[in-house]
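Trainee: Sharing data_16.cif here; it has mmCIF, C-alpha atoms, pLDDT in the B column; chains and numbers go by the auth columns.
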data_data
loop_
_atom_site.group_PDB
_atom_site.id
_atom_site.type_symbol
_atom_site.label_atom_id
_atom_site.label_comp_id
_atom_site.label_asym_id
_atom_site.label_seq_id
_atom_site.Cartn_x
_atom_site.Cartn_y
_atom_site.Cartn_z
_atom_site.B_iso_or_equiv
_atom_site.auth_seq_id
_atom_site.auth_asym_id
ATOM 1 C CA ARG A 1 -3.737 0.328 -11.737 86.00 1 A
ATOM 2 C CA ILE A 2 -0.763 2.599 -11.308 88.00 2 A
ATOM 3 C CA GLY A 3 -0.936 5.294 -8.635 87.00 3 A
ATOM 4 C CA PHE A 4 1.231 8.414 -8.864 89.00 4 A
ATOM 5 C CA VAL A 5 2.292 9.303 -5.313 86.00 5 A
ATOM 6 C CA GLY A 6 4.398 12.273 -4.287 85.00 6 A
ATOM 7 C CA PHE A 7 4.551 15.598 -2.538 84.00 7 A
ATOM 8 C CA PRO A 8 2.452 18.488 -3.859 82.00 8 A
ATOM 9 C CA SER A 9 3.715 20.199 -7.039 79.00 9 A
ATOM 10 C CA VAL A 10 6.239 17.582 -8.179 79.00 10 A
ATOM 11 C CA GLY A 11 4.687 16.933 -11.597 81.00 11 A
ATOM 12 C CA LYS A 12 2.184 14.114 -11.067 82.00 12 A
ATOM 13 C CA SER A 13 -0.575 15.909 -12.981 81.00 13 A
ATOM 14 C CA THR A 14 1.780 16.926 -15.790 83.00 14 A
ATOM 15 C CA LEU A 15 2.974 13.340 -16.116 84.00 15 A
ATOM 16 C CA LEU A 16 -0.600 12.026 -16.289 83.00 16 A
ATOM 17 C CA SER A 17 -1.565 14.672 -18.868 82.00 17 A
ATOM 18 C CA ASN A 18 1.407 13.798 -21.075 83.00 18 A
ATOM 19 C CA LEU A 19 1.018 10.014 -20.801 85.00 19 A
ATOM 20 C CA ALA A 20 -2.741 9.630 -20.995 82.00 20 A
ATOM 21 C CA GLY A 21 -3.888 12.859 -22.640 79.00 21 A
ATOM 22 C CA VAL A 22 -6.229 13.497 -19.719 76.00 22 A
ATOM 23 C CA TYR A 23 -6.680 17.026 -18.432 70.00 23 A
ATOM 24 C CA SER A 24 -5.562 17.279 -14.839 63.00 24 A
ATOM 25 C CA GLU A 25 -5.374 20.818 -13.502 62.00 25 A
ATOM 26 C CA VAL A 26 -1.828 22.155 -13.299 56.00 26 A
ATOM 27 C CA ALA A 27 -0.887 25.375 -11.489 53.00 27 A
ATOM 28 C CA ALA A 28 2.062 27.040 -9.792 52.00 28 A
ATOM 29 C CA TYR A 29 0.638 26.501 -6.295 48.00 29 A
ATOM 30 C CA GLU A 30 0.518 23.438 -4.081 53.00 30 A
ATOM 31 C CA PHE A 31 -2.505 21.140 -3.698 55.00 31 A
ATOM 32 C CA THR A 32 -3.919 21.861 -7.152 56.00 32 A
ATOM 33 C CA THR A 33 -5.199 18.278 -7.390 57.00 33 A
ATOM 34 C CA LEU A 34 -7.763 17.768 -4.620 63.00 34 A
ATOM 35 C CA THR A 35 -9.293 14.484 -5.811 73.00 35 A
ATOM 36 C CA THR A 36 -7.975 11.446 -7.653 77.00 36 A
ATOM 37 C CA VAL A 37 -7.860 12.002 -11.412 80.00 37 A
ATOM 38 C CA PRO A 38 -7.931 8.789 -13.478 81.00 38 A
ATOM 39 C CA GLY A 39 -6.386 8.300 -16.897 83.00 39 A
ATOM 40 C CA CYS A 40 -5.917 5.290 -19.157 87.00 40 A
ATOM 41 C CA ILE A 41 -3.174 4.123 -21.519 88.00 41 A
ATOM 42 C CA LYS A 42 -2.776 1.043 -23.679 89.00 42 A
ATOM 43 C CA TYR A 43 0.324 -1.063 -23.214 87.00 43 A
ATOM 44 C CA LYS A 44 0.829 -4.152 -25.408 90.00 44 A
ATOM 45 C CA GLY A 45 -2.915 -4.382 -25.978 89.00 45 A
ATOM 46 C CA ALA A 46 -3.848 -4.091 -22.291 89.00 46 A
ATOM 47 C CA LYS A 47 -5.556 -1.075 -20.780 90.00 47 A
ATOM 48 C CA VAL A 48 -3.697 0.324 -17.783 90.00 48 A
ATOM 49 C CA GLN A 49 -5.369 2.802 -15.458 89.00 49 A
ATOM 50 C CA LEU A 50 -3.235 5.665 -14.172 89.00 50 A
ATOM 51 C CA LEU A 51 -4.265 7.548 -11.028 87.00 51 A
ATOM 52 C CA ASP A 52 -3.080 11.083 -10.302 85.00 52 A
ATOM 53 C CA LEU A 53 -3.384 11.234 -6.520 82.00 53 A
ATOM 54 C CA PRO A 54 -3.406 14.454 -4.490 80.00 54 A
ATOM 55 C CA GLY A 55 -0.029 15.292 -2.944 78.00 55 A
ATOM 56 C CA ILE A 56 0.819 13.778 0.408 80.00 56 A
ATOM 57 C CA ILE A 57 2.791 15.517 3.128 75.00 57 A
ATOM 58 C CA GLU A 58 4.806 14.349 6.093 77.00 58 A
ATOM 59 C CA GLY A 59 2.387 13.053 8.727 72.00 59 A
ATOM 60 C CA ALA A 60 -0.116 11.779 6.141 62.00 60 A
ATOM 61 C CA LYS A 61 -0.332 8.385 7.840 64.00 61 A
ATOM 62 C CA ASP A 62 -1.449 10.191 10.993 67.00 62 A
ATOM 63 C CA GLY A 63 -4.233 12.013 9.156 67.00 63 A
ATOM 64 C CA LYS A 64 -2.430 15.230 8.199 68.00 64 A
ATOM 65 C CA GLY A 65 -3.947 16.857 5.129 66.00 65 A
ATOM 66 C CA ARG A 66 -5.884 14.331 3.061 65.00 66 A
ATOM 67 C CA GLY A 67 -3.197 11.747 3.707 64.00 67 A
ATOM 68 C CA ARG A 68 -5.415 8.881 4.829 70.00 68 A
ATOM 69 C CA GLN A 69 -7.692 9.250 1.810 75.00 69 A
ATOM 70 C CA VAL A 70 -4.761 9.426 -0.601 76.00 70 A
ATOM 71 C CA ILE A 71 -2.990 6.430 0.923 76.00 71 A
ATOM 72 C CA ALA A 72 -6.258 4.449 0.989 78.00 72 A
ATOM 73 C CA VAL A 73 -6.566 4.930 -2.789 80.00 73 A
ATOM 74 C CA ALA A 74 -2.878 4.090 -3.214 80.00 74 A
ATOM 75 C CA ARG A 75 -3.515 0.747 -1.445 82.00 75 A
ATOM 76 C CA THR A 76 -5.823 -0.254 -4.314 83.00 76 A
ATOM 77 C CA ALA A 77 -3.057 0.235 -6.891 85.00 77 A
ATOM 78 C CA ASN A 78 -1.036 -2.673 -8.257 86.00 78 A
ATOM 79 C CA LEU A 79 1.966 -0.408 -8.708 87.00 79 A
ATOM 80 C CA ILE A 80 2.943 2.760 -6.889 88.00 80 A
ATOM 81 C CA PHE A 81 4.944 5.227 -8.960 88.00 81 A
ATOM 82 C CA ILE A 82 6.683 7.702 -6.673 89.00 82 A
ATOM 83 C CA VAL A 83 7.137 11.089 -8.366 88.00 83 A
ATOM 84 C CA LEU A 84 9.920 13.160 -6.794 89.00 84 A
ATOM 85 C CA ASP A 85 11.141 16.746 -6.903 84.00 85 A
ATOM 86 C CA VAL A 86 14.471 16.725 -8.742 83.00 86 A
ATOM 87 C CA LEU A 87 15.988 19.119 -6.192 82.00 87 A
ATOM 88 C CA LYS A 88 15.264 16.978 -3.081 78.00 88 A
ATOM 89 C CA PRO A 89 14.752 13.414 -4.316 75.00 89 A
ATOM 90 C CA LEU A 90 16.215 11.259 -1.532 83.00 90 A
ATOM 91 C CA GLY A 91 14.765 13.197 1.378 83.00 91 A
ATOM 92 C CA HIS A 92 11.272 13.157 -0.105 85.00 92 A
ATOM 93 C CA LYS A 93 11.555 9.497 -1.140 87.00 93 A
ATOM 94 C CA LYS A 94 12.352 8.427 2.436 87.00 94 A
ATOM 95 C CA ILE A 95 9.447 10.458 3.830 86.00 95 A
ATOM 96 C CA ILE A 96 6.993 9.021 1.285 85.00 96 A
ATOM 97 C CA GLU A 97 8.205 5.455 1.922 86.00 97 A
ATOM 98 C CA LYS A 98 7.784 6.003 5.680 84.00 98 A
ATOM 99 C CA GLU A 99 4.240 7.332 5.182 81.00 99 A
ATOM 100 C CA LEU A 100 3.248 4.390 2.965 82.00 100 A
ATOM 101 C CA GLU A 101 4.851 1.829 5.314 82.00 101 A
ATOM 102 C CA GLY A 102 2.980 3.417 8.226 78.00 102 A
ATOM 103 C CA PHE A 103 -0.266 2.673 6.414 75.00 103 A
ATOM 104 C CA GLY A 104 0.631 -0.950 5.652 76.00 104 A
ATOM 105 C CA ILE A 105 1.915 -0.574 2.091 79.00 105 A
ATOM 106 C CA ARG A 106 5.103 -2.623 1.828 78.00 106 A
ATOM 107 C CA LEU A 107 7.259 -1.305 -0.995 80.00 107 A
ATOM 108 C CA ASN A 108 9.567 -3.562 -3.007 79.00 108 A
ATOM 109 C CA LYS A 109 8.594 -6.657 -1.050 79.00 109 A
ATOM 110 C CA THR A 110 7.026 -9.795 -2.388 80.00 110 A
ATOM 111 C CA PRO A 111 3.861 -10.834 -0.558 80.00 111 A
ATOM 112 C CA PRO A 112 4.550 -13.386 2.186 86.00 112 A
ATOM 113 C CA ASN A 113 3.903 -17.009 1.212 90.00 113 A
ATOM 114 C CA ILE A 114 1.092 -17.564 3.692 92.00 114 A
ATOM 115 C CA ILE A 115 -2.185 -19.301 2.910 93.00 115 A
ATOM 116 C CA PHE A 116 -5.101 -18.141 5.044 92.00 116 A
ATOM 117 C CA LYS A 117 -8.585 -19.643 4.942 93.00 117 A
ATOM 118 C CA LYS A 118 -11.326 -18.492 7.267 93.00 118 A
ATOM 119 C CA LYS A 119 -13.792 -21.214 8.307 93.00 119 A
ATOM 120 C CA GLU A 120 -17.018 -21.534 10.295 92.00 120 A
ATOM 121 C CA LYS A 121 -15.785 -23.772 13.146 91.00 121 A
ATOM 122 C CA GLY A 122 -12.890 -25.926 14.251 90.00 122 A
ATOM 123 C CA GLY A 123 -10.589 -23.340 15.862 92.00 123 A
ATOM 124 C CA VAL A 124 -7.238 -22.214 14.523 92.00 124 A
ATOM 125 C CA ASN A 125 -5.105 -24.766 12.688 93.00 125 A
ATOM 126 C CA MET A 126 -1.542 -23.701 11.900 93.00 126 A
ATOM 127 C CA GLN A 127 0.845 -25.626 9.634 93.00 127 A
ATOM 128 C CA CYS A 128 4.458 -24.580 9.134 92.00 128 A
ATOM 129 C CA MET A 129 6.367 -25.803 6.093 93.00 129 A
ATOM 130 C CA VAL A 130 9.370 -23.762 7.288 92.00 130 A
ATOM 131 C CA PRO A 131 10.460 -23.350 10.941 93.00 131 A
ATOM 132 C CA GLN A 132 9.123 -20.091 12.382 91.00 132 A
ATOM 133 C CA SER A 133 11.594 -17.888 14.270 91.00 133 A
ATOM 134 C CA GLU A 134 9.055 -15.315 15.465 91.00 134 A
ATOM 135 C CA LEU A 135 5.534 -16.744 15.282 91.00 135 A
ATOM 136 C CA ASP A 136 3.977 -19.542 17.281 91.00 136 A
ATOM 137 C CA LEU A 137 0.364 -20.709 17.672 92.00 137 A
ATOM 138 C CA ASP A 138 -0.332 -18.405 20.649 93.00 138 A
ATOM 139 C CA ILE A 139 0.899 -15.292 18.828 93.00 139 A
ATOM 140 C CA VAL A 140 -1.100 -16.229 15.721 93.00 140 A
ATOM 141 C CA LYS A 141 -4.250 -16.767 17.815 93.00 141 A
ATOM 142 C CA ASN A 142 -3.741 -13.391 19.547 93.00 142 A
ATOM 143 C CA ILE A 143 -3.364 -11.599 16.203 92.00 143 A
ATOM 144 C CA LEU A 144 -6.467 -13.310 14.830 93.00 144 A
ATOM 145 C CA ALA A 145 -8.430 -12.484 18.009 92.00 145 A
ATOM 146 C CA GLU A 146 -7.734 -8.776 17.436 91.00 146 A
ATOM 147 C CA TYR A 147 -9.560 -9.152 14.102 91.00 147 A
ATOM 148 C CA ARG A 148 -12.298 -11.266 15.748 92.00 148 A
ATOM 149 C CA ILE A 149 -11.296 -14.382 13.841 92.00 149 A
ATOM 150 C CA HIS A 150 -11.440 -17.556 15.905 93.00 150 A
ATOM 151 C CA ASN A 151 -11.630 -20.245 13.203 94.00 151 A
ATOM 152 C CA ALA A 152 -9.100 -20.453 10.399 94.00 152 A
ATOM 153 C CA ASP A 153 -6.589 -22.675 8.609 94.00 153 A
ATOM 154 C CA ILE A 154 -3.169 -21.090 8.127 94.00 154 A
ATOM 155 C CA VAL A 155 -0.204 -22.509 6.216 94.00 155 A
ATOM 156 C CA PHE A 156 3.169 -20.754 6.548 93.00 156 A
ATOM 157 C CA ARG A 157 5.475 -21.458 3.617 93.00 157 A
ATOM 158 C CA CYS A 158 8.041 -18.889 4.714 91.00 158 A
ATOM 159 C CA ASP A 159 9.601 -17.688 7.954 91.00 159 A
ATOM 160 C CA ALA A 160 7.062 -14.926 8.626 90.00 160 A
ATOM 161 C CA THR A 161 6.952 -11.993 11.002 89.00 161 A
ATOM 162 C CA ALA A 162 3.849 -10.688 12.754 89.00 162 A
ATOM 163 C CA ASP A 163 3.676 -7.833 10.194 84.00 163 A
ATOM 164 C CA ASP A 164 3.811 -10.354 7.332 85.00 164 A
ATOM 165 C CA PHE A 165 0.927 -12.289 8.870 89.00 165 A
ATOM 166 C CA ILE A 166 -1.157 -9.148 9.492 84.00 166 A
ATOM 167 C CA ASP A 167 -0.635 -8.094 5.857 79.00 167 A
ATOM 168 C CA VAL A 168 -2.241 -11.318 4.641 76.00 168 A
#
Using structure tokens, write down the structure that the file contains.
Mentor:
Amino acid sequence: RIGFVGFPSVGKSTLLSNLAGVYSEVAAYEFTTLTTVPGCIKYKGAKVQLLDLPGIIEGAKDGKGRGRQVIAVARTANLIFIVLDVLKPLGHKKIIEKELEGFGIRLNKTPPNIIFKKKEKGGVNMQCMVPQSELDLDIVKNILAEYRIHNADIVFRCDATADDFIDV
């Protein structure tokens, strides 16, 4: 799945229409696309789903506009394709990255090498293959307690931060 993310009226719908041949309403006013419009292309024999997402605006992570809904759909994508206005590319890119980061989408980062297995009983067991500079057993237990997890096996194969652990 590839999700097209960007501000309103930057060409997401036009791009989807040209790539996938799917009709996605295009107009000269903002917020033409109100719901996610899917399309599909074939690439080297594999079907790839393209998602034209409604435009997001600054403050989307805080619930402005339909931001939470749009970002929730973007979280399901394997790849996020940021579509920018050619006249203000860097400013918009930084705002979009901030909105996505605020919702837990880490751009251009490999997933942390952490193995997490929930179990029925036995408490929290933590193994570190690499010395941890930020996390210790107490911090890990506190993070897990916030998610009401009291029994788990965790293996850290990288020096992880609290955000890395929460993302797993």
Trainee: List the residues matched by the PyMOL selection byres ((chain A and resi 143) around 12) in the displayed structure as a ChimeraX atom specification, ordered by chain and then by residue number.
Mentor: /A:124,135-142,144-150,161-168
Trainee: Using only C-alpha atoms, I'd like a table of the residues in range 37-119 of chain A that come within 12 Å of range 6-14 of chain A; for each, show the closest atom pair and its distance in Å rounded to one decimal, ordered by chain and ascending number, as CSV.
Mentor:
residue,atom,partner,partner_atom,distance
A:Val37,CA,A:Ser13,CA,8.4
A:Pro38,CA,A:Ser13,CA,10.2
A:Gly39,CA,A:Ser13,CA,10.3
A:Leu50,CA,A:Lys12,CA,10.5
A:Leu51,CA,A:Lys12,CA,9.2
A:Asp52,CA,A:Ser13,CA,6.1
A:Leu53,CA,A:Lys12,CA,7.7
A:Pro54,CA,A:Pro8,CA,7.1
A:Gly55,CA,A:Pro8,CA,4.1
A:Ile56,CA,A:Phe7,CA,5.1
A:Ile57,CA,A:Phe7,CA,5.9
A:Glu58,CA,A:Phe7,CA,8.7
A:Gly59,CA,A:Phe7,CA,11.7
A:Ala60,CA,A:Phe7,CA,10.6
A:Gly65,CA,A:Pro8,CA,11.2
A:Arg66,CA,A:Pro8,CA,11.6
A:Gly67,CA,A:Phe7,CA,10.7
A:Val70,CA,A:Gly6,CA,10.3
A:Ile71,CA,A:Gly6,CA,10.8
A:Ala74,CA,A:Gly6,CA,11.0
A:Ile80,CA,A:Gly6,CA,10.0
A:Phe81,CA,A:Gly6,CA,8.5
A:Ile82,CA,A:Gly6,CA,5.6
A:Val83,CA,A:Gly6,CA,5.1
A:Leu84,CA,A:Val10,CA,5.9
A:Asp85,CA,A:Val10,CA,5.1
A:Val86,CA,A:Val10,CA,8.3
A:Leu87,CA,A:Val10,CA,10.1
A:Lys88,CA,A:Val10,CA,10.4
A:Pro89,CA,A:Val10,CA,10.2
A:Gly91,CA,A:Phe7,CA,11.2
A:His92,CA,A:Phe7,CA,7.6
A:Lys93,CA,A:Gly6,CA,8.3
A:Lys94,CA,A:Gly6,CA,11.1
A:Ile95,CA,A:Phe7,CA,9.5
A:Ile96,CA,A:Gly6,CA,7.0
A:Glu97,CA,A:Gly6,CA,10.0
A:Glu99,CA,A:Gly6,CA,10.7
A:Leu100,CA,A:Gly6,CA,10.8
Trainee: For Lys42 in chain A, list every protein, DNA or RNA residue within 10 Å, evaluated using all atoms listed in the file, and leave out those in the same chain fewer than 6 positions away; present the list as a ChimeraX atom specification.
Mentor: /A:20,48-49
Trainee: Going by the chain IDs and residue numbers used in this file, which residues fall under the PyMOL selection byres ((chain A and resi 118) around 8)? Write them as a PyMOL selection string.
Mentor: chain A and resi 116-117+119-120+149+151-153
Trainee: Write to file, as a tab-separated table (two decimals), in the coordinates of the input, the residues of the selection just made, with C-alpha atoms.
Mentor:
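Generated file (again.tsv):
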chain	number	residue	atom	x	y	z
A	116	PHE	CA	-5.10	-18.14	5.04
A	117	LYS	CA	-8.59	-19.64	4.94
A	119	LYS	CA	-13.79	-21.21	8.31
A	120	GLU	CA	-17.02	-21.53	10.30
A	149	ILE	CA	-11.30	-14.38	13.84
A	151	ASN	CA	-11.63	-20.24	13.20
A	152	ALA	CA	-9.10	-20.45	10.40
A	153	ASP	CA	-6.59	-22.68	8.61
Trainee: Work out how far apart CA of Glu134 in chain A and CA of Ala160 in chain A are and give it in Å to one decimal.
Mentor: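 A separation of 7.1 Å between them.
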Trainee: Hey, what's within 8 Å of Leu19 in chain A if we count only C-alpha atoms and toss same-chain stuff fewer than 3 positions away? As a list in words, please?
Mentor: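 In the requested form, the answer reads Leu15, Leu16 and Ile41 of chain A.
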Trainee: Please provide as a list in words all residues within 10 Å of Thr76 in chain A, with the sequence filter that same-chain residues fewer than 3 positions apart are discarded (counting all atoms listed in the file).
Mentor: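 Once the nearby chain positions are removed, what remains is Arg1, Ile2, Gly3, Ile71, Ala72, Val73, Leu79 and Ile80 of chain A.
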Trainee: Would you export the selected residues with C-alpha atoms as a tab-separated table (two decimals), in the coordinates of the input, please?
Mentor:
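The new file out.tsv reads:
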chain	number	residue	atom	x	y	z
A	1	ARG	CA	-3.74	0.33	-11.74
A	2	ILE	CA	-0.76	2.60	-11.31
A	3	GLY	CA	-0.94	5.29	-8.64
A	71	ILE	CA	-2.99	6.43	0.92
A	72	ALA	CA	-6.26	4.45	0.99
A	73	VAL	CA	-6.57	4.93	-2.79
A	79	LEU	CA	1.97	-0.41	-8.71
A	80	ILE	CA	2.94	2.76	-6.89
Trainee: Smallest atom-to-atom distance to Asn113 in chain A: which of A:Pro131, A:Cys158, A:Glu101, A:Arg75, using all atoms listed in the file?
Mentor: A:Cys158
Trainee: One decimal, in Å: what's the spacing between CA of Asn18 in chain A and CA of Ala77 in chain A?
Mentor: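 For CA of Asn18 in chain A relative to CA of Ala77 in chain A, the distance reads 20.1 Å.
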Trainee: Can you measure CA of Ile115 in chain A to CA of Asp159 in chain A for me? One decimal in Å is fine.
Mentor: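 According to the coordinates, CA of Ile115 in chain A and CA of Asp159 in chain A are separated by 12.9 Å.
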